[in-house]
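Student: Take a look at the following structure, please.
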Amino acid sequence: MPRLQDLIDWIIAEGLSTDTIETILQGVAERLTDLGYPILRASIAMPSIDPLQRGFSVAWYRSSGFSTEVQGYDEAGQELFRRSPISYLLENNLQFARWRLPPGPDAPPIPLLTELAELGATDYLTKLVAFPGDTALAGVSFSIAVDVPGGFSDRLIADLERLVPALSLACCRIATTRVAADVLAVYTGTRTSNRILSGHIRRGDGTAVYAAILLADLKSFTSLNEKHAPERIVAWLNEHFEAIGAPVEQEGGEILKFMGDSLLAIFPADIDNPAEACGRALSAARAAMDANADVNRRRVEAGEPELLVDIVLHVGEVFYGNVGAARRLDFTAIGRAVNEAARMEKVADEIGHSLLASADFVLQAPGRFEKAGIFPLKGVARPAVIYAWPD
């Protein structure tokens, strides 16, 4: 009994210090094995709050170590969930289930039961524990399989009942921390979310950053709103923003915000040597133009409207931080350089080119830019020398 309490104490301590479910699961499985229990497999599964995955499970096998399974939102992911023990428990309003293995004729059609039996398992149980609150992070599933002829002993089942609350609490803490970081990164970007979570949360908190700026604006968006249903327009926008945003992130830029049909991103630069950041911004812009053109080709072939894009590149100092009301903030970049980039985009149609850059940017990343002229910018004192990339 004291050794089981040692395990419970370890779970609580580790739950406060680690950020990985794998560490907790391995520690529990190995310590239960040290206590003399014949653990063949142990697993933890939880839902996610993530735009790309519905949930995940981590399994520890005595003979082969870890296995991780991610369940997506696609049909394959849905089918994977429908055939899982968790789905069976939820459909039957159960918190606990146990099956002797190999499964008998009355066992539900759960592929895992057969797979475990083929590995030598003789008994399998799974338990659901609900988390409080009304979020998609509904709870955790903890499962164990053993491989001795008699299956689970009464003592092992009693010990599991004692340690599951501590295990669930540790998982809840890890999952909540992970969700906070992941969801914040989805909405603000990784670099920005790290700053927010490190405590830069008050209005006015921020810093001056020298950066290459990329501003992309989809053309003719307003006219689409007059002709098509909102859900179709949103789907089209998502296609284009994915095509434009992926190269930005691949080149180390951070998308700060989507503004209707526009995208603003920065590439933080060394003020004494901004050429490297400007080069990455230019590579991202060119790749984004090509990717957007590919989307439009597919769109035209499907008989749907295309959305062309104008991209402006600039470089300068911006304020990178919190702006807004006391309890409703936006972590963004503002400043003269951002304003100048936005004004430059307005002359793209006049110039007749889709990829524009300021003189300051071209000085750092010349490429094939050609001088397009000198143009007044609304709200900017000095006219701007603007360059265009030949189409």
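Here's how to read the names in the structure tokens: chain A, B, ... by the order shown, residue numbers from 1 in each chain, ligand numbers from 1 in the order shown.
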DSSP on the backbone: what in range 56-222 of chain A comes out helix (DSSP H, G or I), as a PyMOL selection string?
Tutor: chain A and resi 75-82+85-91+111-118+154-188+190-197+221-222
Student: Go through range 223-336 of chain A and collect every residue that DSSP, computed from the backbone, puts in strand (DSSP E); the answer should be as number ranges by chain.
Tutor: A: 254-259, 262-268, 309-325, 328-334
Student: Between CA of Ser64 in chain A and CA of Leu119 in chain A, what is the distance, to one decimal in Å?
Tutor: 11.5 Å
Student: Which is closest to Arg280 in chain A among A:Gln364, A:Thr332, A:Asn296, A:Ser143, if we use only C-alpha atoms?
Tutor: A:Gln364
Student: For Phe241 in chain A, which residue among A:Cys278, A:Ala229, A:Leu7, A:Ala216 is the nearest when counting only C-alpha atoms?
Tutor: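 Residue with the minimum atom-to-atom distance to Phe241 in chain A: A:Ala216.
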Student: Please provide the set of residues having any atom within 12 Å of Ser63 in chain A, restricted to only C-alpha atoms, with same-chain residues fewer than 6 positions apart removed, written as a PDB file with all heavy atoms, in the first residue's frame.
Tutor:
ATOM      1  N   GLU A  30       5.518   1.950 -15.953  1.00  0.00           N
ATOM      2  CA  GLU A  30       6.722   1.300 -15.434  1.00  0.00           C
ATOM      3  C   GLU A  30       6.631   1.076 -13.929  1.00  0.00           C
ATOM      4  O   GLU A  30       7.082   0.041 -13.419  1.00  0.00           O
ATOM      5  CB  GLU A  30       7.948   2.138 -15.784  1.00  0.00           C
ATOM      6  CG  GLU A  30       8.262   2.129 -17.286  1.00  0.00           C
ATOM      7  CD  GLU A  30       9.458   2.983 -17.641  1.00  0.00           C
ATOM      8  OE1 GLU A  30       9.909   3.771 -16.764  1.00  0.00           O
ATOM      9  OE2 GLU A  30       9.945   2.874 -18.782  1.00  0.00           O
ATOM     10  N   ILE A  39       1.477  -5.388 -16.819  1.00  0.00           N
ATOM     11  CA  ILE A  39       0.957  -4.395 -17.765  1.00  0.00           C
ATOM     12  C   ILE A  39       1.549  -4.642 -19.151  1.00  0.00           C
ATOM     13  O   ILE A  39       2.757  -4.531 -19.354  1.00  0.00           O
ATOM     14  CB  ILE A  39       1.294  -2.969 -17.299  1.00  0.00           C
ATOM     15  CG1 ILE A  39       0.858  -2.749 -15.840  1.00  0.00           C
ATOM     16  CG2 ILE A  39       0.642  -1.951 -18.233  1.00  0.00           C
ATOM     17  CD1 ILE A  39      -0.608  -2.920 -15.602  1.00  0.00           C
ATOM     18  N   LEU A  40       0.703  -4.976 -20.111  1.00  0.00           N
ATOM     19  CA  LEU A  40       1.144  -5.160 -21.494  1.00  0.00           C
ATOM     20  C   LEU A  40       1.084  -3.846 -22.264  1.00  0.00           C
ATOM     21  O   LEU A  40       1.996  -3.522 -23.041  1.00  0.00           O
ATOM     22  CB  LEU A  40       0.261  -6.198 -22.195  1.00  0.00           C
ATOM     23  CG  LEU A  40       0.527  -6.392 -23.694  1.00  0.00           C
ATOM     24  CD1 LEU A  40       1.859  -7.095 -23.899  1.00  0.00           C
ATOM     25  CD2 LEU A  40      -0.610  -7.198 -24.340  1.00  0.00           C
ATOM     26  N   ARG A  41       0.007  -3.105 -22.004  1.00  0.00           N
ATOM     27  CA  ARG A  41      -0.205  -1.838 -22.714  1.00  0.00           C
ATOM     28  C   ARG A  41      -0.964  -0.900 -21.804  1.00  0.00           C
ATOM     29  O   ARG A  41      -1.875  -1.317 -21.084  1.00  0.00           O
ATOM     30  CB  ARG A  41      -1.003  -2.055 -24.005  1.00  0.00           C
ATOM     31  CG  ARG A  41      -1.356  -0.796 -24.800  1.00  0.00           C
ATOM     32  CD  ARG A  41      -2.299  -1.174 -25.934  1.00  0.00           C
ATOM     33  NE  ARG A  41      -2.617  -0.088 -26.836  1.00  0.00           N
ATOM     34  CZ  ARG A  41      -3.648   0.751 -26.670  1.00  0.00           C
ATOM     35  NH1 ARG A  41      -4.439   0.620 -25.595  1.00  0.00           N
ATOM     36  NH2 ARG A  41      -3.887   1.701 -27.558  1.00  0.00           N
ATOM     37  N   ALA A  42      -0.592   0.382 -21.849  1.00  0.00           N
ATOM     38  CA  ALA A  42      -1.336   1.423 -21.133  1.00  0.00           C
ATOM     39  C   ALA A  42      -1.481   2.608 -22.070  1.00  0.00           C
ATOM     40  O   ALA A  42      -0.566   2.909 -22.854  1.00  0.00           O
ATOM     41  CB  ALA A  42      -0.606   1.843 -19.859  1.00  0.00           C
ATOM     42  N   LEU A 119      -1.600  -9.723 -29.500  1.00  0.00           N
ATOM     43  CA  LEU A 119      -0.350  -9.421 -28.804  1.00  0.00           C
ATOM     44  C   LEU A 119      -0.199 -10.245 -27.529  1.00  0.00           C
ATOM     45  O   LEU A 119       0.843 -10.180 -26.868  1.00  0.00           O
ATOM     46  CB  LEU A 119      -0.277  -7.939 -28.458  1.00  0.00           C
ATOM     47  CG  LEU A 119      -0.116  -6.955 -29.632  1.00  0.00           C
ATOM     48  CD1 LEU A 119      -0.179  -5.515 -29.126  1.00  0.00           C
ATOM     49  CD2 LEU A 119       1.209  -7.201 -30.353  1.00  0.00           C
ATOM     50  N   GLY A 120      -1.257 -10.977 -27.173  1.00  0.00           N
ATOM     51  CA  GLY A 120      -1.197 -11.802 -25.986  1.00  0.00           C
ATOM     52  C   GLY A 120      -1.985 -11.284 -24.805  1.00  0.00           C
ATOM     53  O   GLY A 120      -1.953 -11.883 -23.719  1.00  0.00           O
TER      54      GLY A 120
END
Student: Need to verify the contact set: Glu254 in chain A, 7 Å, only C-alpha atoms, exclusion of same-chain residues closer than 5 positions in sequence. Can you return it as a ChimeraX atom specification?
Tutor: /A:189,248-249,265-267
Student: Just write the chosen residues, N, CA, C and O atoms, as a CSV table (one decimal), in the first residue's frame.
Tutor:
chain,number,residue,atom,x,y,z
A,189,GLY,N,-0.3,33.6,-33.7
A,189,GLY,CA,1.1,33.2,-34.2
A,189,GLY,C,1.9,32.8,-33.0
A,189,GLY,O,1.8,33.2,-31.9
A,248,VAL,N,4.7,32.3,-46.1
A,248,VAL,CA,5.2,33.3,-45.1
A,248,VAL,C,5.7,32.5,-43.9
A,248,VAL,O,6.8,32.8,-43.4
A,249,GLU,N,5.0,31.5,-43.4
A,249,GLU,CA,5.4,30.8,-42.3
A,249,GLU,C,6.7,29.9,-42.6
A,249,GLU,O,7.6,29.8,-41.7
A,265,ALA,N,1.9,40.5,-42.3
A,265,ALA,CA,2.9,39.6,-41.7
A,265,ALA,C,4.2,40.4,-41.5
A,265,ALA,O,4.5,41.4,-42.3
A,266,ILE,N,5.0,40.0,-40.6
A,266,ILE,CA,6.3,40.6,-40.4
A,266,ILE,C,7.4,39.6,-40.3
A,266,ILE,O,7.2,38.4,-40.0
A,267,PHE,N,8.6,40.0,-40.7
A,267,PHE,CA,9.8,39.1,-40.6
A,267,PHE,C,10.8,40.0,-39.8
A,267,PHE,O,11.5,40.8,-40.4
Student: With distances taken over only C-alpha atoms, which residue among A:Ala333, A:Ala45, A:Ile174, A:Ile271 lies nearest Ser17 in chain A?
Tutor: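 Counting only C-alpha atoms, the residue closest to Ser17 in chain A is A:Ile174.
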Student: For Val179 in chain A, which of A:Ser48, A:Thr135, A:Ser358, A:Gln78 is the closest residue, counting only C-alpha atoms?
Tutor: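 Closest residue, counting only C-alpha atoms: A:Ser48.
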Student: Just the residues within 10 Å of Ala180 in chain A, please, counting only C-alpha atoms, with nothing from its chain fewer than 4 positions along; format it as a PDB file with N, CA, C and O atoms, in the first residue's frame.
Tutor:
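Output file out.pdb is given in full below:
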ATOM      1  N   ILE A  49      -8.367  20.807 -28.731  1.00  0.00           N
ATOM      2  CA  ILE A  49      -8.965  22.037 -29.259  1.00  0.00           C
ATOM      3  C   ILE A  49      -7.944  22.566 -30.257  1.00  0.00           C
ATOM      4  O   ILE A  49      -7.042  23.336 -29.926  1.00  0.00           O
ATOM      5  N   ALA A 175      -3.051  19.201 -20.246  1.00  0.00           N
ATOM      6  CA  ALA A 175      -3.881  19.508 -21.409  1.00  0.00           C
ATOM      7  C   ALA A 175      -4.325  20.962 -21.416  1.00  0.00           C
ATOM      8  O   ALA A 175      -4.332  21.618 -22.464  1.00  0.00           O
ATOM      9  N   THR A 176      -4.679  21.499 -20.256  1.00  0.00           N
ATOM     10  CA  THR A 176      -5.113  22.892 -20.187  1.00  0.00           C
ATOM     11  C   THR A 176      -3.988  23.837 -20.570  1.00  0.00           C
ATOM     12  O   THR A 176      -4.197  24.805 -21.323  1.00  0.00           O
ATOM     13  N   LEU A 184      -3.816  29.900 -28.506  1.00  0.00           N
ATOM     14  CA  LEU A 184      -3.311  31.260 -28.635  1.00  0.00           C
ATOM     15  C   LEU A 184      -2.410  31.385 -29.855  1.00  0.00           C
ATOM     16  O   LEU A 184      -2.468  32.384 -30.584  1.00  0.00           O
ATOM     17  N   ALA A 185      -1.584  30.354 -30.114  1.00  0.00           N
ATOM     18  CA  ALA A 185      -0.712  30.381 -31.283  1.00  0.00           C
ATOM     19  C   ALA A 185      -1.510  30.344 -32.577  1.00  0.00           C
ATOM     20  O   ALA A 185      -1.139  30.987 -33.567  1.00  0.00           O
ATOM     21  N   SER A 193       2.217  34.515 -29.369  1.00  0.00           N
ATOM     22  CA  SER A 193       1.631  33.785 -28.241  1.00  0.00           C
ATOM     23  C   SER A 193       2.656  33.583 -27.138  1.00  0.00           C
ATOM     24  O   SER A 193       2.319  33.661 -25.950  1.00  0.00           O
ATOM     25  N   LEU A 197       2.034  34.772 -23.303  1.00  0.00           N
ATOM     26  CA  LEU A 197       2.083  33.835 -22.192  1.00  0.00           C
ATOM     27  C   LEU A 197       3.226  34.133 -21.225  1.00  0.00           C
ATOM     28  O   LEU A 197       3.190  33.699 -20.069  1.00  0.00           O
TER      29      LEU A 197
END
Student: Which one is closest to Asp217 in chain A: A:Met259, A:Leu116, A:Leu282, A:Leu363? Count only C-alpha atoms.
Tutor: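 The answer is A:Met259, which sits nearest to Asp217 in chain A.
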Student: Name all residues at most 7 Å from Ala211 in chain A (count only C-alpha atoms; drop same-chain ones fewer than 4 positions away) and give them as a ChimeraX atom specification.
Tutor: /A:266-269,315-317
Student: Using only C-alpha atoms, pick whichever of A:Ala325, A:Leu32, A:Ala285, A:Ala145 has the shortest atom-to-atom distance to Asp310 in chain A.
Tutor: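 Between A:Ala325, A:Leu32, A:Ala285, A:Ala145, the residue approaching Asp310 in chain A most closely is A:Ala285.
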Student: Distance CA of Gly36 in chain A-CA of Val148 in chain A, one decimal place?
Tutor: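 Going from CA of Gly36 in chain A over to CA of Val148 in chain A, I get 11.7 Å.
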Student: Find the spatial neighbours of Ala287 in chain A, counting only C-alpha atoms, within a cut-off of 10 Å - ignore same-chain residues fewer than 5 positions away - and output them as an MDAnalysis selection string.
Tutor: chainID A and resid 243:248 251 281:282 292:293
Student: So what do you get for CA of Ile44 in chain A versus CA of Ile21 in chain A, distance-wise?
Tutor: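 Those two atoms sit 7.8 Å apart.
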